[in-house]
file upload_39.cif (mmCIF, C-alpha atoms)
data_query
#
loop_
_atom_site.label_atom_id
_atom_site.label_comp_id
_atom_site.auth_asym_id
_atom_site.auth_seq_id
_atom_site.Cartn_x
_atom_site.Cartn_y
_atom_site.Cartn_z
CA MET A 1 -87.26 128.29 -13.56
CA ALA A 2 -84.16 127.07 -11.73
CA VAL A 3 -81.83 127.29 -14.75
CA VAL A 4 -81.75 130.33 -17.02
CA LEU A 5 -79.82 130.44 -20.31
CA ARG A 6 -77.94 133.75 -20.18
CA ASP A 7 -75.76 133.56 -23.25
CA GLN A 8 -74.92 131.13 -25.99
CA ASP A 9 -72.77 130.84 -29.06
CA SER A 10 -71.80 127.79 -31.08
CA GLN A 11 -69.27 126.51 -28.54
CA LYS A 12 -70.08 128.16 -25.24
CA VAL A 13 -73.15 128.56 -23.05
CA VAL A 14 -73.66 130.64 -19.93
CA LEU A 15 -76.24 129.26 -17.52
CA GLU A 16 -77.50 130.80 -14.33
CA ILE A 17 -78.73 128.61 -11.49
CA GLN A 18 -80.98 130.15 -8.89
CA ASP A 19 -82.24 129.13 -5.45
CA ALA A 20 -81.40 125.69 -4.10
CA LEU A 21 -79.14 123.17 -5.80
CA ASP A 22 -80.09 120.14 -3.78
CA ARG A 23 -81.65 116.70 -3.88
CA ASN A 24 -85.08 118.20 -4.62
CA THR A 25 -84.03 120.45 -7.50
CA VAL A 26 -81.15 118.49 -9.06
CA PRO A 27 -83.30 116.08 -11.14
CA GLU A 28 -84.87 118.94 -13.14
CA ILE A 29 -81.74 121.10 -13.30
CA ARG A 30 -79.71 118.13 -14.51
CA LYS A 31 -82.12 117.44 -17.36
CA GLN A 32 -81.75 121.01 -18.57
CA ILE A 33 -77.97 121.10 -18.25
CA LEU A 34 -77.39 117.74 -19.92
CA LYS A 35 -79.68 118.64 -22.80
CA ILE A 36 -77.50 121.68 -23.49
CA ILE A 37 -74.03 120.23 -22.97
CA LYS A 38 -74.67 117.08 -24.97
CA LYS A 39 -74.99 119.22 -28.09
CA ARG A 40 -72.03 118.26 -30.21
CA ASP A 41 -70.18 121.55 -30.48
CA ILE A 42 -70.50 122.84 -26.95
CA ARG A 43 -67.02 123.06 -25.41
CA GLN A 44 -67.45 125.42 -22.50
CA VAL A 45 -70.19 125.86 -19.95
CA ASP A 46 -70.14 128.76 -17.53
CA ILE A 47 -72.44 128.34 -14.57
CA LEU A 48 -73.35 131.52 -12.73
CA ALA A 49 -74.06 130.43 -9.18
CA HIS A 50 -74.42 133.79 -7.44
CA GLY A 51 -78.11 133.07 -6.93
CA VAL A 52 -77.63 129.60 -5.43
CA THR A 53 -78.90 129.90 -1.88
CA SER A 54 -78.05 126.39 -0.69
CA MET A 55 -76.29 123.32 -2.01
CA ASP A 56 -75.98 119.77 -0.77
CA THR A 57 -74.03 116.76 -2.03
CA ALA A 58 -76.59 116.17 -4.79
CA GLY A 59 -75.57 119.59 -6.10
CA VAL A 60 -71.90 118.67 -5.82
CA ALA A 61 -72.60 115.42 -7.68
CA LEU A 62 -74.29 117.33 -10.50
CA LEU A 63 -71.36 119.74 -10.82
CA LEU A 64 -68.98 116.80 -10.93
CA GLU A 65 -71.04 115.00 -13.56
CA THR A 66 -71.18 118.17 -15.66
CA TRP A 67 -67.42 118.65 -15.32
CA ARG A 68 -66.78 115.04 -16.32
CA THR A 69 -69.14 115.14 -19.31
CA LEU A 70 -67.40 118.24 -20.64
CA GLU A 71 -63.94 116.88 -19.93
CA LYS A 72 -64.70 113.79 -22.00
CA LYS A 73 -65.19 116.04 -25.02
CA SER A 74 -62.17 118.19 -24.16
CA GLY A 75 -64.42 120.92 -22.88
CA ALA A 76 -64.37 123.01 -19.74
CA LEU A 77 -66.70 123.96 -16.90
CA LYS A 78 -66.45 127.33 -15.18
CA LEU A 79 -68.25 127.89 -11.88
CA ARG A 80 -68.72 131.54 -11.00
CA GLY A 81 -70.07 133.00 -7.79
CA LEU A 82 -70.23 129.91 -5.59
CA ASN A 83 -70.85 130.99 -2.01
CA GLU A 84 -68.79 129.95 1.00
CA GLY A 85 -71.26 127.22 1.96
CA ALA A 86 -71.06 125.64 -1.48
CA LEU A 87 -67.26 125.80 -1.49
CA ARG A 88 -67.16 124.15 1.93
CA ILE A 89 -69.37 121.28 0.76
CA ILE A 90 -67.11 120.74 -2.25
CA GLN A 91 -64.22 120.64 0.21
CA LEU A 92 -66.05 118.24 2.53
CA ALA A 93 -66.65 115.99 -0.48
CA ARG A 94 -62.87 116.11 -1.04
CA LEU A 95 -63.46 117.40 -4.56
CA ASN A 96 -61.79 120.79 -4.27
CA ASP A 97 -58.71 119.52 -6.13
CA VAL A 98 -60.83 118.08 -8.93
CA LEU A 99 -63.03 121.15 -9.34
CA SER A 100 -60.44 123.81 -8.48
CA GLY A 101 -59.70 124.38 -12.18
CA SER A 102 -63.38 125.12 -12.72
CA ILE A 103 -63.99 127.44 -9.79
CA VAL A 104 -63.61 131.10 -10.70
CA GLU A 105 -62.87 133.24 -7.65
CA GLU A 106 -65.73 135.68 -7.46
CA ARG A 107 -67.48 134.48 -4.38
CA ASN A 108 -70.69 135.89 -3.06
CA GLU A 109 -71.14 136.27 0.68
CA GLY A 110 -74.28 134.17 1.09
CA HIS A 111 -74.39 130.75 2.66
CA MET B 1 -77.27 128.15 25.99
CA SER B 2 -77.45 130.44 22.95
CA ALA B 3 -78.48 128.10 20.10
CA SER B 4 -82.20 127.49 19.75
CA PRO B 5 -83.29 123.93 20.50
CA VAL B 6 -84.25 121.57 17.70
CA ILE B 7 -85.42 118.93 20.11
CA THR B 8 -86.82 119.37 23.59
CA ILE B 9 -87.17 116.32 25.83
CA ARG B 10 -89.46 116.88 28.77
CA ASN B 11 -89.98 114.38 31.60
CA LEU B 12 -89.52 111.41 29.33
CA ASN B 13 -90.30 108.07 30.98
CA SER B 14 -89.84 104.77 29.24
CA HIS B 15 -90.41 101.12 30.08
CA TYR B 16 -89.00 97.89 28.73
CA GLN B 17 -90.41 94.49 29.67
CA GLY B 18 -92.08 95.90 32.74
CA HIS B 19 -89.02 97.80 33.99
CA GLN B 20 -88.74 101.54 33.93
CA VAL B 21 -85.57 102.39 32.00
CA LEU B 22 -85.91 106.17 31.69
CA HIS B 23 -87.02 108.37 34.58
CA ASP B 24 -88.15 111.95 33.93
CA VAL B 25 -85.42 112.66 31.40
CA SER B 26 -85.38 116.34 30.38
CA PHE B 27 -82.93 118.33 28.26
CA GLN B 28 -82.71 120.26 25.04
CA VAL B 29 -80.73 119.55 21.86
CA PRO B 30 -79.38 122.86 20.53
CA ARG B 31 -79.41 123.51 16.79
CA ASN B 32 -76.14 123.17 14.82
CA GLN B 33 -74.30 121.81 17.82
CA ILE B 34 -73.01 118.44 18.97
CA THR B 35 -74.73 116.95 21.98
CA VAL B 36 -73.04 113.95 23.52
CA ILE B 37 -75.09 111.59 25.65
CA MET B 38 -72.91 109.44 27.83
CA GLY B 39 -73.07 107.07 30.74
CA MET B 40 -72.25 103.54 31.69
CA SER B 41 -73.65 100.53 29.83
CA GLY B 42 -77.30 100.01 30.62
CA CYS B 43 -77.89 103.59 31.74
CA GLY B 44 -80.66 104.10 29.17
CA LYS B 45 -78.69 105.91 26.45
CA THR B 46 -79.76 103.64 23.63
CA THR B 47 -83.39 103.62 24.77
CA LEU B 48 -83.32 107.41 24.76
CA LEU B 49 -81.85 107.33 21.25
CA ARG B 50 -84.62 104.99 20.08
CA HIS B 51 -87.20 107.51 21.28
CA LEU B 52 -85.38 110.38 19.57
CA VAL B 53 -85.26 108.59 16.21
CA ALA B 54 -88.91 107.57 16.55
CA LEU B 55 -88.19 103.84 16.70
CA LYS B 56 -89.83 103.63 20.11
CA LYS B 57 -93.23 105.16 20.65
CA THR B 58 -93.22 108.32 22.71
CA GLY B 59 -96.17 109.56 24.75
CA LEU B 60 -97.70 113.00 24.49
CA ASN B 61 -95.75 116.11 25.52
CA GLN B 62 -92.46 114.27 26.08
CA ILE B 63 -90.45 115.06 22.95
CA GLU B 64 -90.88 118.14 20.78
CA VAL B 65 -89.11 118.68 17.47
CA ASP B 66 -89.12 122.30 16.34
CA GLY B 67 -91.96 122.86 18.77
CA LYS B 68 -94.12 120.01 17.45
CA ASP B 69 -95.09 117.16 19.73
CA MET B 70 -93.64 113.88 18.47
CA GLY B 71 -96.32 112.03 20.47
CA LYS B 72 -98.90 113.46 18.05
CA TYR B 73 -97.07 112.47 14.87
CA GLN B 74 -99.20 110.77 12.23
CA GLU B 75 -97.60 108.64 9.52
CA LYS B 76 -97.01 111.69 7.30
CA GLU B 77 -95.16 113.67 9.98
CA LEU B 78 -93.21 110.58 10.98
CA SER B 79 -92.09 110.05 7.41
CA ALA B 80 -91.11 113.73 7.04
CA TYR B 81 -89.12 113.53 10.30
CA ARG B 82 -87.30 110.41 9.11
CA ARG B 83 -86.25 112.23 5.94
CA ARG B 84 -84.69 114.96 8.10
CA ILE B 85 -82.60 112.61 10.20
CA GLY B 86 -79.71 110.22 9.71
CA VAL B 87 -79.04 107.40 12.13
CA LEU B 88 -75.94 105.30 12.67
CA PHE B 89 -76.71 102.27 14.77
CA GLN B 90 -74.07 100.42 16.77
CA SER B 91 -74.09 97.49 14.36
CA GLY B 92 -73.97 99.59 11.21
CA ALA B 93 -77.20 97.82 10.12
CA LEU B 94 -76.24 97.20 6.48
CA PHE B 95 -78.06 95.00 3.97
CA ASN B 96 -75.82 91.98 3.45
CA SER B 97 -77.01 91.26 -0.09
CA LEU B 98 -76.14 94.75 -1.37
CA SER B 99 -72.70 96.19 -2.05
CA VAL B 100 -71.44 98.93 0.24
CA ALA B 101 -72.24 101.64 -2.35
CA GLU B 102 -75.69 100.16 -2.97
CA ASN B 103 -76.32 100.28 0.78
CA ILE B 104 -75.53 104.00 0.82
CA ALA B 105 -77.82 104.51 -2.17
CA VAL B 106 -80.86 102.88 -0.56
CA PRO B 107 -82.25 105.97 1.24
CA LEU B 108 -81.66 108.11 -1.86
CA LYS B 109 -83.50 105.64 -4.08
CA VAL B 110 -86.38 105.39 -1.64
CA HIS B 111 -86.81 109.05 -0.73
CA THR B 112 -85.70 111.08 -3.78
CA ALA B 113 -86.23 111.31 -7.54
CA LEU B 114 -82.50 111.58 -8.19
CA PRO B 115 -81.17 109.66 -11.21
CA GLY B 116 -78.91 106.65 -10.69
CA GLU B 117 -75.77 108.45 -11.93
CA ILE B 118 -76.12 111.20 -9.33
CA ILE B 119 -76.98 108.70 -6.59
CA ARG B 120 -73.86 106.68 -7.40
CA ILE B 121 -71.67 109.80 -7.19
CA MET B 122 -73.32 110.84 -3.90
CA ALA B 123 -72.76 107.37 -2.45
CA LEU B 124 -69.09 107.49 -3.41
CA ILE B 125 -68.71 110.99 -1.93
CA LYS B 126 -70.09 109.71 1.38
CA LEU B 127 -67.83 106.66 1.26
CA ASN B 128 -64.85 108.88 0.56
CA MET B 129 -65.74 110.99 3.60
CA VAL B 130 -65.40 107.92 5.80
CA GLY B 131 -62.34 106.58 3.97
CA LEU B 132 -64.06 103.63 2.31
CA VAL B 133 -64.31 104.60 -1.34
CA ASP B 134 -61.92 101.77 -2.24
CA VAL B 135 -64.38 99.13 -1.04
CA ALA B 136 -67.53 100.59 -2.61
CA ASP B 137 -68.31 97.40 -4.50
CA TYR B 138 -67.56 94.99 -1.66
CA LEU B 139 -70.29 93.21 0.22
CA PRO B 140 -70.65 94.05 3.93
CA SER B 141 -69.53 90.52 4.80
CA GLN B 142 -66.15 91.34 3.23
CA LEU B 143 -65.57 94.26 5.61
CA SER B 144 -64.15 94.33 9.12
CA GLY B 145 -66.38 95.44 12.01
CA GLY B 146 -64.85 98.90 12.02
CA MET B 147 -65.32 99.26 8.27
CA ARG B 148 -68.95 98.22 8.56
CA LYS B 149 -69.39 100.90 11.21
CA ARG B 150 -67.91 103.53 8.88
CA ALA B 151 -70.09 102.29 6.00
CA GLY B 152 -73.08 102.67 8.31
CA LEU B 153 -72.04 106.24 9.00
CA ALA B 154 -71.77 106.90 5.25
CA ARG B 155 -75.29 105.55 4.83
CA SER B 156 -76.60 107.73 7.66
CA LEU B 157 -75.17 110.71 5.75
CA ALA B 158 -76.68 109.68 2.41
CA MET B 159 -79.52 112.21 2.56
CA ASP B 160 -77.39 115.07 3.96
CA PRO B 161 -79.51 114.95 7.10
CA GLU B 162 -80.33 118.00 9.15
CA ILE B 163 -80.07 115.99 12.35
CA LEU B 164 -77.61 113.12 12.73
CA PHE B 165 -77.86 110.49 15.49
CA VAL B 166 -74.79 108.37 16.09
CA ASP B 167 -74.74 105.41 18.49
CA GLU B 168 -71.27 104.55 19.78
CA PRO B 169 -69.25 105.77 16.77
CA SER B 170 -65.89 104.70 18.17
CA ALA B 171 -66.85 101.21 19.31
CA GLY B 172 -64.70 98.61 17.60
CA LEU B 173 -62.48 101.16 15.86
CA ASP B 174 -58.74 101.60 16.22
CA PRO B 175 -57.68 104.93 17.77
CA ILE B 176 -56.62 106.51 14.48
CA THR B 177 -59.86 105.64 12.69
CA ALA B 178 -61.86 106.75 15.73
CA ALA B 179 -60.08 110.12 15.73
CA ALA B 180 -60.75 110.52 11.99
CA LEU B 181 -64.42 109.84 12.65
CA ASP B 182 -64.50 112.46 15.40
CA GLN B 183 -62.92 114.91 12.97
CA LEU B 184 -65.57 114.10 10.36
CA ILE B 185 -68.35 114.68 12.91
CA LEU B 186 -66.88 118.10 13.70
CA GLU B 187 -66.59 118.89 9.97
CA LEU B 188 -70.22 117.94 9.38
CA LYS B 189 -71.28 120.37 12.06
CA GLU B 190 -69.07 123.17 10.76
CA THR B 191 -69.68 122.63 7.04
CA LEU B 192 -73.28 121.52 6.81
CA GLY B 193 -74.50 123.02 10.07
CA MET B 194 -75.78 119.64 11.17
CA THR B 195 -77.25 119.10 14.58
CA ILE B 196 -75.55 115.97 15.87
CA ILE B 197 -76.42 113.72 18.79
CA VAL B 198 -73.75 111.21 19.73
CA VAL B 199 -74.27 108.41 22.22
CA THR B 200 -71.01 107.15 23.61
CA HIS B 201 -69.11 106.05 26.65
CA GLU B 202 -65.75 106.96 25.14
CA LEU B 203 -64.67 109.87 27.32
CA ARG B 204 -61.90 111.20 25.17
CA SER B 205 -64.02 111.28 22.04
CA ALA B 206 -66.90 112.85 23.97
CA PHE B 207 -64.79 115.74 25.27
CA ASP B 208 -63.16 116.21 21.86
CA ILE B 209 -66.41 116.79 19.99
CA ALA B 210 -69.12 117.91 22.43
CA ASP B 211 -70.66 121.35 22.67
CA GLN B 212 -73.06 119.99 25.25
CA MET B 213 -72.94 116.84 27.35
CA VAL B 214 -75.64 114.85 29.06
CA VAL B 215 -74.47 112.31 31.64
CA MET B 216 -76.91 109.52 32.43
CA ASP B 217 -77.01 106.91 35.15
CA LYS B 218 -79.67 104.28 35.79
CA GLY B 219 -82.15 105.93 33.45
CA ARG B 220 -81.79 109.41 34.94
CA ILE B 221 -79.83 112.47 33.96
CA LEU B 222 -77.07 113.11 36.46
CA GLN B 223 -75.96 116.35 34.86
CA ALA B 224 -76.15 118.25 31.58
CA GLY B 225 -74.01 121.15 30.46
CA SER B 226 -70.86 122.19 28.63
CA PRO B 227 -67.81 119.93 28.71
CA ASP B 228 -66.24 122.26 31.29
CA THR B 229 -69.33 122.05 33.49
CA ILE B 230 -69.22 118.27 33.35
CA ARG B 231 -65.47 118.16 33.95
CA GLU B 232 -65.83 120.34 37.04
CA SER B 233 -69.01 118.68 38.26
CA GLY B 234 -69.44 118.31 42.01
CA ASN B 235 -71.62 115.25 41.48
CA GLU B 236 -69.71 112.28 42.87
CA ARG B 237 -71.31 109.83 40.44
CA VAL B 238 -70.30 112.01 37.46
CA GLN B 239 -66.75 112.17 38.79
CA GLN B 240 -66.74 108.41 39.29
CA PHE B 241 -67.72 107.99 35.65
CA LEU B 242 -65.03 110.44 34.52
CA ARG B 243 -62.42 108.65 36.65
CA ARG B 244 -63.61 105.29 35.24
CA GLU B 245 -64.01 103.86 38.73
CA ALA B 246 -65.86 100.60 39.01
CA ASP B 247 -68.98 100.27 41.17
CA GLN B 248 -68.45 98.46 44.42
CA GLY B 249 -71.34 96.09 43.72
CA SER B 250 -74.84 97.29 43.30
CA LEU B 251 -76.56 94.95 45.77
CA LYS B 252 -76.01 94.66 49.50
CA THR B 253 -74.93 91.18 50.60
CA GLU B 254 -78.29 90.27 52.10
CA GLU B 255 -80.13 91.42 48.95
CA TYR B 256 -77.70 89.45 46.82
CA VAL B 257 -78.20 86.26 48.86
CA ALA B 258 -81.97 86.76 48.78
CA GLN B 259 -81.84 87.02 45.02
CA LEU B 260 -79.72 83.87 44.75
CA MET B 261 -82.17 81.98 46.90
CA ALA B 262 -85.30 83.28 45.16
#
call {"tool": "encode", "arguments": {"input": "upload_39.cif", "output": "structure tokens"}}
result
Amino acid sequence: MAVVLRDQDSQKVVLEIQDALDRNTVPEIRKQILKIIKKRDIRQVDILAHGVTSMDTAGVALLLETWRTLEKKSGALKLRGLNEGALRIIQLARLNDVLSGSIVEERNEGH
Amino acid sequence: MSASPVITIRNLNSHYQGHQVLHDVSFQVPRNQITVIMGMSGCGKTTLLRHLVALKKTGLNQIEVDGKDMGKYQEKELSAYRRRIGVLFQSGALFNSLSVAENIAVPLKVHTALPGEIIRIMALIKLNMVGLVDVADYLPSQLSGGMRKRAGLARSLAMDPEILFVDEPSAGLDPITAAALDQLILELKETLGMTIIVVTHELRSAFDIADQMVVMDKGRILQAGSPDTIRESGNERVQQFLRREADQGSLKTEEYVAQLMA
């Protein structure tokens, strides 16, 4: 399974994404994430991305959509463990300013 | 050359309307690097590009991609190869009835199961990369030539291709936009590790972005190597190209008269 629910309380969930976050995996991962964050009381989603081996702009688009969905309900997205490659793609997409509030500095060394 | 080749071209010959336009063309395209193919108009650059993007049929043992002979591709392999590559044609090749953003979305709709919301965001990201996010909902006919070229580049990037082919990226662009495009090409290599093949006759742009250069003339490779190798080439024809010196007429007078009288 590409998304694992690591922790949950009434307002916050912690999800772990593993392997690729790309155009092939995003459709399924998105379904799982949206199902969780559309629950009425959820205000914060932490995504643990240490296990993400590769990410493309479909992955960036999903992160942005998740961020926007939460923002609309005054919630917050936290991205933990994004690797250098993922951070560079966010930068290439010129979204580092938008997502900078979500990115928690605990990078892994993978690409 | 340290990087392993993605594409190997070996003694490629090609004909168009009975004329041979490529003669024993051989070189390698290194992975994660920018290869610039350059030469004067009509030297065979675009024909070579058409072979590389599988728009022109290639014979056996002439082009290998990751060690596999393109001449043996069946429809399935051809389709898989086309999903790995992005191509920017000189004209931009946009659908006139679709908005700019819809044009970018076409390959994603055709080749992926991504939902419309994600596709829309991806299209806008690509348009932002080329500085066109403000005109996402315009029709191609409402854009200038240079903007259409940039929209074409955004579309060629839609699928985050592993290999990107770009035909004359700077043609029709003002110097500032052309420089921004060169910068984007470098960023794509650095950030996404793309292998990029650029066909151009713009010398400045070529030397700014190339890891490897291939100089062609009359369907043949004059020289291939690093930008420094090309710059210091002892080949008079290469130097003529670099100095932008015009040919002194390709036909001798008697041949010219004979042709006029024929």
call {"tool": "closest_atom_pairs", "arguments": {"input": "upload_39.cif", "of": "chain A", "to": "chain B", "cutoff": "10 Å", "atoms": "all atoms listed in the file", "output": "Markdown table"}}
result
| residue | atom | partner | partner_atom | distance |
| --- | --- | --- | --- | --- |
| A:Asp22 | CA | B:Asp160 | CA | 9.6 |
| A:Arg23 | CA | B:Leu114 | CA | 6.7 |
| A:Asn24 | CA | B:Thr112 | CA | 7.2 |
| A:Thr25 | CA | B:Leu114 | CA | 9.0 |
| A:Val26 | CA | B:Leu114 | CA | 7.1 |
| A:Pro27 | CA | B:Leu114 | CA | 5.4 |
| A:Glu28 | CA | B:Leu114 | CA | 9.2 |
| A:Arg30 | CA | B:Pro115 | CA | 9.2 |
| A:Lys31 | CA | B:Pro115 | CA | 10.0 |
| A:Met55 | CA | B:Leu192 | CA | 9.5 |
| A:Asp56 | CA | B:Asp160 | CA | 6.8 |
| A:Thr57 | CA | B:Met122 | CA | 6.2 |
| A:Ala58 | CA | B:Met122 | CA | 6.3 |
| A:Gly59 | CA | B:Ile118 | CA | 9.0 |
| A:Val60 | CA | B:Met122 | CA | 8.2 |
| A:Ala61 | CA | B:Ile121 | CA | 5.7 |
| A:Leu62 | CA | B:Ile118 | CA | 6.5 |
| A:Leu63 | CA | B:Ile118 | CA | 9.9 |
| A:Leu64 | CA | B:Ile121 | CA | 8.4 |
| A:Glu65 | CA | B:Ile118 | CA | 7.6 |
| A:Glu84 | CA | B:Thr191 | CA | 9.5 |
| A:Gly85 | CA | B:Thr191 | CA | 7.0 |
| A:Ala86 | CA | B:Thr191 | CA | 9.1 |
| A:Leu87 | CA | B:Thr191 | CA | 9.4 |
| A:Arg88 | CA | B:Thr191 | CA | 5.9 |
| A:Ile89 | CA | B:Thr191 | CA | 6.4 |
| A:Ile90 | CA | B:Thr191 | CA | 9.8 |
| A:Gln91 | CA | B:Thr191 | CA | 9.0 |
| A:Leu92 | CA | B:Thr191 | CA | 7.3 |
| A:Ala93 | CA | B:Ile125 | CA | 5.6 |
| A:Arg94 | CA | B:Met129 | CA | 7.5 |
| A:Leu95 | CA | B:Ile125 | CA | 8.7 |
call {"tool": "write_last_selection", "arguments": {"input": "upload_39.cif", "atoms": "C-alpha atoms", "output": "mmCIF file, in the frame of the given file"}}
result
data_model
loop_
_atom_site.group_PDB
_atom_site.id
_atom_site.type_symbol
_atom_site.label_atom_id
_atom_site.label_comp_id
_atom_site.auth_asym_id
_atom_site.auth_seq_id
_atom_site.Cartn_x
_atom_site.Cartn_y
_atom_site.Cartn_z
ATOM 1 C CA ASP A 22 -80.090 120.140 -3.780
ATOM 2 C CA ARG A 23 -81.650 116.700 -3.880
ATOM 3 C CA ASN A 24 -85.080 118.200 -4.620
ATOM 4 C CA THR A 25 -84.030 120.450 -7.500
ATOM 5 C CA VAL A 26 -81.150 118.490 -9.060
ATOM 6 C CA PRO A 27 -83.300 116.080 -11.140
ATOM 7 C CA GLU A 28 -84.870 118.940 -13.140
ATOM 8 C CA ARG A 30 -79.710 118.130 -14.510
ATOM 9 C CA LYS A 31 -82.120 117.440 -17.360
ATOM 10 C CA MET A 55 -76.290 123.320 -2.010
ATOM 11 C CA ASP A 56 -75.980 119.770 -0.770
ATOM 12 C CA THR A 57 -74.030 116.760 -2.030
ATOM 13 C CA ALA A 58 -76.590 116.170 -4.790
ATOM 14 C CA GLY A 59 -75.570 119.590 -6.100
ATOM 15 C CA VAL A 60 -71.900 118.670 -5.820
ATOM 16 C CA ALA A 61 -72.600 115.420 -7.680
ATOM 17 C CA LEU A 62 -74.290 117.330 -10.500
ATOM 18 C CA LEU A 63 -71.360 119.740 -10.820
ATOM 19 C CA LEU A 64 -68.980 116.800 -10.930
ATOM 20 C CA GLU A 65 -71.040 115.000 -13.560
ATOM 21 C CA GLU A 84 -68.790 129.950 1.000
ATOM 22 C CA GLY A 85 -71.260 127.220 1.960
ATOM 23 C CA ALA A 86 -71.060 125.640 -1.480
ATOM 24 C CA LEU A 87 -67.260 125.800 -1.490
ATOM 25 C CA ARG A 88 -67.160 124.150 1.930
ATOM 26 C CA ILE A 89 -69.370 121.280 0.760
ATOM 27 C CA ILE A 90 -67.110 120.740 -2.250
ATOM 28 C CA GLN A 91 -64.220 120.640 0.210
ATOM 29 C CA LEU A 92 -66.050 118.240 2.530
ATOM 30 C CA ALA A 93 -66.650 115.990 -0.480
ATOM 31 C CA ARG A 94 -62.870 116.110 -1.040
ATOM 32 C CA LEU A 95 -63.460 117.400 -4.560
#
call {"tool": "atom_distance", "arguments": {"input": "upload_39.cif", "atom1": "CA of Val52 (chain A)", "atom2": "CA of Gly116 (chain B)"}}
result
23.6 Å
call {"tool": "resolve_selection", "arguments": {"input": "upload_39.cif", "expression": "the PyMOL selection byres ((chain B and resi 18-23) around 10)", "output": "ChimeraX atom specification"}}
result
/B:11-17,24-26,42-45,47-48,216-221
call {"tool": "resolve_selection", "arguments": {"input": "upload_39.cif", "expression": "the PyMOL selection byres ((chain B and resi 97-101) around 12)", "output": "PDB file with C-alpha atoms, keeping the file's coordinate frame"}}
result
ATOM      1  CA  GLY B  92     -73.970  99.590  11.210  1.00  0.00           C
ATOM      2  CA  ALA B  93     -77.200  97.820  10.120  1.00  0.00           C
ATOM      3  CA  LEU B  94     -76.240  97.200   6.480  1.00  0.00           C
ATOM      4  CA  PHE B  95     -78.060  95.000   3.970  1.00  0.00           C
ATOM      5  CA  ASN B  96     -75.820  91.980   3.450  1.00  0.00           C
ATOM      6  CA  GLU B 102     -75.690 100.160  -2.970  1.00  0.00           C
ATOM      7  CA  ASN B 103     -76.320 100.280   0.780  1.00  0.00           C
ATOM      8  CA  ILE B 104     -75.530 104.000   0.820  1.00  0.00           C
ATOM      9  CA  ALA B 105     -77.820 104.510  -2.170  1.00  0.00           C
ATOM     10  CA  VAL B 106     -80.860 102.880  -0.560  1.00  0.00           C
ATOM     11  CA  PRO B 107     -82.250 105.970   1.240  1.00  0.00           C
ATOM     12  CA  LEU B 108     -81.660 108.110  -1.860  1.00  0.00           C
ATOM     13  CA  GLY B 116     -78.910 106.650 -10.690  1.00  0.00           C
ATOM     14  CA  ILE B 119     -76.980 108.700  -6.590  1.00  0.00           C
ATOM     15  CA  ARG B 120     -73.860 106.680  -7.400  1.00  0.00           C
ATOM     16  CA  ILE B 121     -71.670 109.800  -7.190  1.00  0.00           C
ATOM     17  CA  MET B 122     -73.320 110.840  -3.900  1.00  0.00           C
ATOM     18  CA  ALA B 123     -72.760 107.370  -2.450  1.00  0.00           C
ATOM     19  CA  LEU B 124     -69.090 107.490  -3.410  1.00  0.00           C
ATOM     20  CA  ILE B 125     -68.710 110.990  -1.930  1.00  0.00           C
ATOM     21  CA  LYS B 126     -70.090 109.710   1.380  1.00  0.00           C
ATOM     22  CA  LEU B 127     -67.830 106.660   1.260  1.00  0.00           C
ATOM     23  CA  ASN B 128     -64.850 108.880   0.560  1.00  0.00           C
ATOM     24  CA  LEU B 132     -64.060 103.630   2.310  1.00  0.00           C
ATOM     25  CA  VAL B 133     -64.310 104.600  -1.340  1.00  0.00           C
ATOM     26  CA  ASP B 134     -61.920 101.770  -2.240  1.00  0.00           C
ATOM     27  CA  VAL B 135     -64.380  99.130  -1.040  1.00  0.00           C
ATOM     28  CA  ALA B 136     -67.530 100.590  -2.610  1.00  0.00           C
ATOM     29  CA  ASP B 137     -68.310  97.400  -4.500  1.00  0.00           C
ATOM     30  CA  TYR B 138     -67.560  94.990  -1.660  1.00  0.00           C
ATOM     31  CA  LEU B 139     -70.290  93.210   0.220  1.00  0.00           C
ATOM     32  CA  PRO B 140     -70.650  94.050   3.930  1.00  0.00           C
ATOM     33  CA  SER B 141     -69.530  90.520   4.800  1.00  0.00           C
ATOM     34  CA  GLN B 142     -66.150  91.340   3.230  1.00  0.00           C
ATOM     35  CA  LEU B 143     -65.570  94.260   5.610  1.00  0.00           C
ATOM     36  CA  MET B 147     -65.320  99.260   8.270  1.00  0.00           C
ATOM     37  CA  ARG B 148     -68.950  98.220   8.560  1.00  0.00           C
ATOM     38  CA  LYS B 149     -69.390 100.900  11.210  1.00  0.00           C
ATOM     39  CA  ARG B 150     -67.910 103.530   8.880  1.00  0.00           C
ATOM     40  CA  ALA B 151     -70.090 102.290   6.000  1.00  0.00           C
ATOM     41  CA  GLY B 152     -73.080 102.670   8.310  1.00  0.00           C
ATOM     42  CA  LEU B 153     -72.040 106.240   9.000  1.00  0.00           C
ATOM     43  CA  ALA B 154     -71.770 106.900   5.250  1.00  0.00           C
ATOM     44  CA  ARG B 155     -75.290 105.550   4.830  1.00  0.00           C
ATOM     45  CA  ALA B 158     -76.680 109.680   2.410  1.00  0.00           C
TER      46      ALA B 158
END
call {"tool": "residues_around", "arguments": {"input": "upload_39.cif", "residues": "Ser74 (chain A)", "least_positions_apart": "4", "cutoff": "10 Å", "atoms": "all atoms listed in the file", "output": "ChimeraX atom specification"}}
result
/A:42-44,68-70
call {"tool": "atom_distance", "arguments": {"input": "upload_39.cif", "atom1": "CA of Thr177 (chain B)", "atom2": "CA of Val214 (chain B)"}}
result
24.5 Å
call {"tool": "closest_residue", "arguments": {"input": "upload_39.cif", "among": "B:Gly131, B:Leu242, B:Val87, B:Thr229", "to": "Leu55 (chain B)", "atoms": "all atoms listed in the file"}}
result
B:Val87
call {"tool": "atom_distance", "arguments": {"input": "upload_39.cif", "atom1": "CA of Asp211 (chain B)", "atom2": "CA of Met40 (chain B)"}}
result
20.0 Å
